[in-house]
file entry26.tsv (TSV, C-alpha atoms)
chain	number	residue	atom	x	y	z
A	289	MET	CA	0.00	0.00	0.00
A	290	GLU	CA	1.12	3.52	-0.77
A	291	THR	CA	-0.02	6.45	1.34
A	292	PHE	CA	-0.73	9.75	-0.35
A	293	SER	CA	-1.38	13.04	1.35
A	294	SER	CA	-3.94	15.45	0.02
A	295	HIS	CA	-1.94	18.35	1.48
A	296	SER	CA	-0.07	19.19	-1.75
A	297	ALA	CA	-3.26	18.91	-3.79
A	298	HIS	CA	-5.18	21.13	-1.34
A	299	ALA	CA	-2.42	23.71	-1.18
A	300	ALA	CA	-2.07	23.86	-4.95
A	301	ALA	CA	-5.84	24.15	-5.28
A	302	GLY	CA	-5.95	27.08	-2.84
A	303	SER	CA	-7.95	25.18	-0.26
A	304	ASN	CA	-7.74	25.57	3.49
A	305	THR	CA	-9.06	22.05	3.93
A	306	ALA	CA	-7.21	19.97	6.50
A	307	ASP	CA	-4.64	17.53	5.27
A	308	LYS	CA	-6.14	14.11	4.58
A	309	SER	CA	-4.28	10.95	3.77
A	310	PHE	CA	-5.50	8.10	1.69
A	311	ARG	CA	-4.08	4.67	1.09
A	312	LEU	CA	-4.23	2.88	-2.21
A	313	PRO	CA	-2.72	-0.39	-3.38
A	314	ALA	CA	0.85	0.19	-4.58
A	315	HIS	CA	0.08	-1.54	-7.88
A	316	LEU	CA	-2.77	0.88	-8.73
A	317	PRO	CA	-1.72	3.27	-11.51
A	318	PHE	CA	-3.37	6.64	-10.95
A	319	PHE	CA	-2.75	10.36	-11.16
A	320	ILE	CA	-4.48	13.51	-10.01
A	321	VAL	CA	-4.66	16.54	-12.29
A	322	ASP	CA	-6.32	19.95	-12.16
A	323	ALA	CA	-9.02	19.84	-14.85
A	324	HIS	CA	-8.59	23.54	-15.63
A	325	THR	CA	-4.81	24.00	-15.67
A	326	PHE	CA	-3.86	20.35	-16.38
A	327	VAL	CA	-1.17	20.54	-13.71
A	328	LEU	CA	-0.23	17.18	-12.19
A	329	HIS	CA	-0.81	17.07	-8.42
A	330	GLU	CA	-0.04	13.43	-7.67
A	331	VAL	CA	1.26	10.43	-9.63
A	332	SER	CA	1.50	6.93	-8.17
A	333	SER	CA	4.68	4.91	-8.55
A	334	ALA	CA	2.75	2.38	-10.66
A	335	GLN	CA	1.69	5.21	-13.01
A	336	HIS	CA	5.29	6.40	-13.28
A	337	ALA	CA	6.25	2.85	-14.24
A	338	LEU	CA	3.61	2.74	-17.01
A	339	TRP	CA	4.57	6.13	-18.38
A	340	GLY	CA	8.30	5.73	-17.85
A	341	THR	CA	8.45	9.11	-16.09
A	342	SER	CA	10.40	10.35	-13.11
A	343	THR	CA	8.94	11.77	-9.91
A	344	ASP	CA	9.87	15.36	-10.81
A	345	ILE	CA	6.78	15.77	-13.02
A	346	ILE	CA	4.57	16.80	-10.06
A	347	GLY	CA	3.56	20.45	-10.49
A	348	LYS	CA	4.13	20.37	-14.25
A	349	LYS	CA	1.44	20.49	-16.91
A	350	LEU	CA	0.48	17.03	-18.13
A	351	LEU	CA	0.89	17.98	-21.79
A	352	ASP	CA	4.33	19.48	-21.20
A	353	VAL	CA	5.43	16.10	-19.85
A	354	LEU	CA	3.37	13.80	-22.10
A	355	PRO	CA	2.06	15.72	-25.15
A	356	ASN	CA	0.53	12.62	-26.72
A	357	LEU	CA	-2.16	12.60	-23.99
A	358	ALA	CA	-3.82	15.74	-25.42
A	359	ILE	CA	-7.04	13.76	-25.97
A	360	LEU	CA	-7.48	13.62	-22.19
A	361	GLN	CA	-7.76	17.42	-21.87
A	362	LYS	CA	-11.29	17.37	-23.27
A	363	VAL	CA	-12.21	14.45	-21.00
A	364	PHE	CA	-10.93	16.25	-17.86
A	365	THR	CA	-12.78	19.43	-18.81
A	366	ASN	CA	-16.00	17.52	-19.44
A	367	VAL	CA	-15.73	15.70	-16.10
A	368	ALA	CA	-15.17	19.04	-14.34
A	369	LEU	CA	-18.11	20.72	-16.10
A	370	THR	CA	-20.64	17.90	-15.75
A	371	GLY	CA	-19.45	16.23	-12.56
A	372	THR	CA	-20.01	12.93	-14.35
A	373	PRO	CA	-17.26	10.29	-14.29
A	374	ALA	CA	-15.89	9.34	-17.69
A	375	LEU	CA	-14.08	6.48	-19.35
A	376	GLU	CA	-11.72	7.18	-22.25
A	377	LYS	CA	-10.92	3.86	-23.89
A	378	ASN	CA	-7.96	2.64	-25.92
A	379	VAL	CA	-5.84	5.79	-25.72
A	380	VAL	CA	-2.62	5.04	-27.56
A	381	PHE	CA	0.51	6.03	-25.69
A	382	THR	CA	4.15	6.21	-26.69
A	383	ASN	CA	6.98	7.74	-24.71
A	384	GLN	CA	10.29	7.71	-26.53
A	385	ALA	CA	12.12	8.38	-23.27
A	386	ALA	CA	10.50	5.35	-21.62
A	387	VAL	CA	11.78	1.81	-21.52
A	388	HIS	CA	8.75	0.69	-23.55
A	389	THR	CA	9.00	2.53	-26.86
A	390	SER	CA	6.36	0.52	-28.71
A	391	PRO	CA	2.80	1.87	-28.56
A	392	ARG	CA	0.67	0.86	-25.60
A	393	TRP	CA	-3.04	1.36	-25.03
A	394	PHE	CA	-4.72	2.48	-21.83
A	395	ASP	CA	-8.23	3.02	-20.54
A	396	TYR	CA	-8.49	6.09	-18.32
A	397	HIS	CA	-11.28	6.23	-15.70
A	398	CYS	CA	-11.79	9.84	-14.57
A	399	SER	CA	-13.85	11.27	-11.72
A	400	ILE	CA	-13.83	14.42	-9.61
A	401	LEU	CA	-11.77	14.12	-6.45
A	402	GLN	CA	-12.28	17.65	-5.12
A	403	THR	CA	-13.62	21.00	-6.27
A	404	THR	CA	-12.50	24.31	-4.77
A	405	MET	CA	-12.94	27.90	-5.89
A	406	SER	CA	-9.67	27.80	-7.79
A	407	ALA	CA	-9.36	24.20	-8.99
A	408	THR	CA	-11.14	21.00	-9.85
A	409	LEU	CA	-9.00	17.99	-9.09
A	410	VAL	CA	-9.71	14.93	-11.21
A	411	PHE	CA	-8.68	11.45	-10.05
A	412	ILE	CA	-7.70	9.19	-12.95
A	413	THR	CA	-6.99	5.48	-12.76
A	414	THR	CA	-5.22	3.78	-15.60
A	415	HIS	CA	-5.76	0.28	-16.94
A	416	ASP	CA	-3.25	-1.11	-19.43
A	417	VAL	CA	-5.29	-2.74	-22.23
A	418	THR	CA	-2.38	-3.26	-24.63
A	419	ALA	CA	-2.68	-7.05	-24.60
A	420	HIS	CA	-6.42	-6.84	-25.34
A	421	VAL	CA	-5.95	-4.36	-28.19
A	422	LEU	CA	-3.15	-6.41	-29.75
A	423	GLU	CA	-5.22	-9.60	-29.43
A	424	ARG	CA	-8.26	-7.91	-30.99
A	425	ASN	CA	-6.08	-6.60	-33.85
A	426	HIS	CA	-4.65	-10.09	-34.34
A	427	LEU	CA	-8.14	-11.64	-34.41
A	428	THR	CA	-9.34	-9.01	-36.89
A	429	ARG	CA	-6.39	-9.72	-39.20
A	430	SER	CA	-6.97	-13.46	-38.82
A	431	ALA	CA	-10.67	-13.09	-39.70
A	432	GLN	CA	-9.77	-10.97	-42.74
A	433	GLN	CA	-7.24	-13.57	-43.88
A	434	PHE	CA	-9.80	-16.36	-43.44
A	435	THR	CA	-12.43	-14.41	-45.39
A	436	SER	CA	-9.96	-13.76	-48.21
A	437	LEU	CA	-8.96	-17.42	-48.33
A	438	ALA	CA	-12.56	-18.70	-48.20
A	439	SER	CA	-13.62	-16.24	-50.89
A	440	ALA	CA	-10.75	-17.32	-53.15
A	441	LEU	CA	-11.71	-21.02	-52.99
A	442	PRO	CA	-13.79	-22.25	-55.94
A	443	GLN	CA	-15.85	-24.48	-53.60
A	444	LEU	CA	-18.95	-23.62	-51.60
A	445	VAL	CA	-17.85	-22.63	-48.08
A	446	TRP	CA	-20.13	-21.81	-45.17
A	447	ILE	CA	-19.94	-21.97	-41.40
A	448	ALA	CA	-22.85	-22.55	-39.05
A	449	ASP	CA	-23.10	-22.64	-35.28
A	450	GLY	CA	-24.28	-25.66	-33.26
A	451	GLU	CA	-27.93	-24.76	-33.89
A	452	GLY	CA	-27.44	-24.64	-37.66
A	453	LYS	CA	-27.50	-20.86	-37.95
A	454	VAL	CA	-25.17	-19.82	-40.78
A	455	TYR	CA	-22.84	-16.98	-39.81
A	456	PHE	CA	-20.43	-17.06	-42.75
A	457	TYR	CA	-20.50	-18.09	-46.40
A	458	ASN	CA	-18.36	-17.23	-49.39
A	459	ASP	CA	-19.50	-15.58	-52.62
A	460	HIS	CA	-19.91	-18.97	-54.35
A	461	VAL	CA	-22.62	-20.00	-51.87
A	462	GLN	CA	-24.39	-16.70	-52.41
A	463	ASN	CA	-24.25	-17.12	-56.19
A	464	PHE	CA	-25.33	-20.79	-56.00
A	465	ALA	CA	-28.03	-20.63	-53.32
A	466	GLY	CA	-29.02	-16.97	-53.40
A	467	PHE	CA	-28.26	-16.38	-49.67
A	468	THR	CA	-28.24	-12.78	-48.59
A	469	LYS	CA	-27.97	-11.04	-45.23
A	470	ASP	CA	-31.14	-9.61	-43.72
A	471	GLU	CA	-31.24	-6.21	-41.99
A	472	GLN	CA	-30.02	-7.75	-38.72
A	473	GLY	CA	-26.97	-9.27	-40.44
A	474	ASN	CA	-28.39	-12.82	-40.36
A	475	TYR	CA	-28.22	-15.15	-43.34
call {"tool": "encode", "arguments": {"input": "entry26.tsv", "output": "C-alpha cells"}}
result
Amino acid sequence: METFSSHSAHAAAGSNTADKSFRLPAHLPFFIVDAHTFVLHEVSSAQHALWGTSTDIIGKKLLDVLPNLAILQKVFTNVALTGTPALEKNVVFTNQAAVHTSPRWFDYHCSILQTTMSATLVFITTHDVTAHVLERNHLTRSAQQFTSLASALPQLVWIADGEGKVYFYNDHVQNFAGFTKDEQGNY
C-alpha cells in the first residue's frame, strides 16, 4: 500500500481544507490533475512505471510532460463541467524516453476528487489494455485472412453454429443458393 497526502493537492488548489491521507494499493496506476490548468498534483509509482516518467513531473502540466495525452484534456474538462465520471478507452501512448517505446493502449477512468474555488482535481486510474488491443487486432487480421482465403476457394464454403445458424458463407454460396444477409446481419 502507498499512502498519499492530500496536502499538496489542497495547497495547490488554494484550499484551506485539512490535510487528509488516503491509502491505495501500490500496484494501482493513478494520477491527479487539475481539470482547468492540467497541472499534475499526484502520480503513483505504478503510473510512473507505465509512463516511464520520473517523480519530478509533479507540479508540471500534463501535456508538457506527455504531449501525446492531449485527448485527455477534453475528458478532464467535461468531467469538471458535468461532474459525471468518464471512461476514455484505448488511448494510444508512446513515450520515446521510456523503456517501452512501442505503442501501448490504456483506458483512463476519470472522476472528480475535489472542487474548490480555484481548482477541480480529477482522479484518474489507468488500466493497461495493450494485450487486449493487440489480441483484438490479431483476431481481426486473422478473420480478414480467413475471409480472403474462403472467398478465393472455388468451392462452396459456409460456417454454421451448433444450432445450424449460418454466420459465414463465401460468394460462391451466395451465387449458387441466393443467400443474402437480412437487416439484422443474419443469413
call {"tool": "atom_distance", "arguments": {"input": "entry26.tsv", "atom1": "CA of Ala358 (chain A)", "atom2": "CA of Thr428 (chain A)"}}
result
27.8 Å
call {"tool": "residues_around", "arguments": {"input": "entry26.tsv", "residues": "Ala465 (chain A)", "least_positions_apart": "5", "cutoff": "10 Å", "atoms": "only C-alpha atoms", "output": "VMD selection string"}}
result
chain A and resid 444 459 to 460
call {"tool": "closest_residue", "arguments": {"input": "entry26.tsv", "among": "A:Thr408, A:Gln462, A:Ser333, A:Gln443", "to": "Thr370 (chain A)", "atoms": "only C-alpha atoms"}}
result
A:Thr408
call {"tool": "residues_around", "arguments": {"input": "entry26.tsv", "residues": "Phe364 (chain A)", "least_positions_apart": "5", "cutoff": "10 Å", "atoms": "all atoms listed in the file", "output": "list in words"}}
result
Val321, Asp322, Ala323, His324, Phe326, Ile359, Leu369, Pro373, Ala374, Cys398, Ser399, Ile400, Thr408, Leu409, Val410, Phe411 and Ile412 of chain A
call {"tool": "residues_around", "arguments": {"input": "entry26.tsv", "residues": "Val379 (chain A)", "least_positions_apart": "3", "cutoff": "10 Å", "atoms": "all atoms listed in the file", "output": "list of chain:residue names"}}
result
A:Asn356, A:Leu357, A:Ile359, A:Leu360, A:Glu376, A:Pro391, A:Arg392, A:Trp393, A:Phe394, A:Asp395, A:Tyr396, A:Asp416, A:Val417, A:Thr418
call {"tool": "axis_aligned_box", "arguments": {"input": "entry26.tsv", "around": "region 317-335 of chain A", "padding_each_side": "5 Å", "output": "JSON"}}
result
{"center_x": -2.2, "center_y": 13.2, "center_z": -12.0, "size_x": 23.7, "size_y": 31.6, "size_z": 18.7}
call {"tool": "residues_near_point", "arguments": {"input": "entry26.tsv", "point": "(1.3, 19.1, -17.8)", "cutoff": "7 Å", "atoms": "only C-alpha atoms", "output": "PDB file with C-alpha atoms, in the coordinates of the input"}}
result
ATOM      1  CA  PHE A 326      -3.860  20.350 -16.380  1.00  0.00           C
ATOM      2  CA  VAL A 327      -1.170  20.540 -13.710  1.00  0.00           C
ATOM      3  CA  LEU A 328      -0.230  17.180 -12.190  1.00  0.00           C
ATOM      4  CA  LYS A 348       4.130  20.370 -14.250  1.00  0.00           C
ATOM      5  CA  LYS A 349       1.440  20.490 -16.910  1.00  0.00           C
ATOM      6  CA  LEU A 350       0.480  17.030 -18.130  1.00  0.00           C
ATOM      7  CA  LEU A 351       0.890  17.980 -21.790  1.00  0.00           C
ATOM      8  CA  ASP A 352       4.330  19.480 -21.200  1.00  0.00           C
ATOM      9  CA  VAL A 353       5.430  16.100 -19.850  1.00  0.00           C
TER      10      VAL A 353
END
call {"tool": "closest_residue", "arguments": {"input": "entry26.tsv", "among": "A:His420, A:Val367, A:His397, A:His415", "to": "His315 (chain A)", "atoms": "only C-alpha atoms"}}
result
A:His415
call {"tool": "closest_residue", "arguments": {"input": "entry26.tsv", "among": "A:Asn378, A:Gln361, A:Ser439, A:Thr413", "to": "Glu330 (chain A)", "atoms": "all atoms listed in the file"}}
result
A:Thr413
call {"tool": "residues_around", "arguments": {"input": "entry26.tsv", "residues": "Pro442 (chain A)", "least_positions_apart": "4", "cutoff": "12 Å", "atoms": "only C-alpha atoms", "output": "list in words"}}
result
Leu437, Ala438, Asn458, Asp459, His460, Val461, Asn463 and Phe464 of chain A
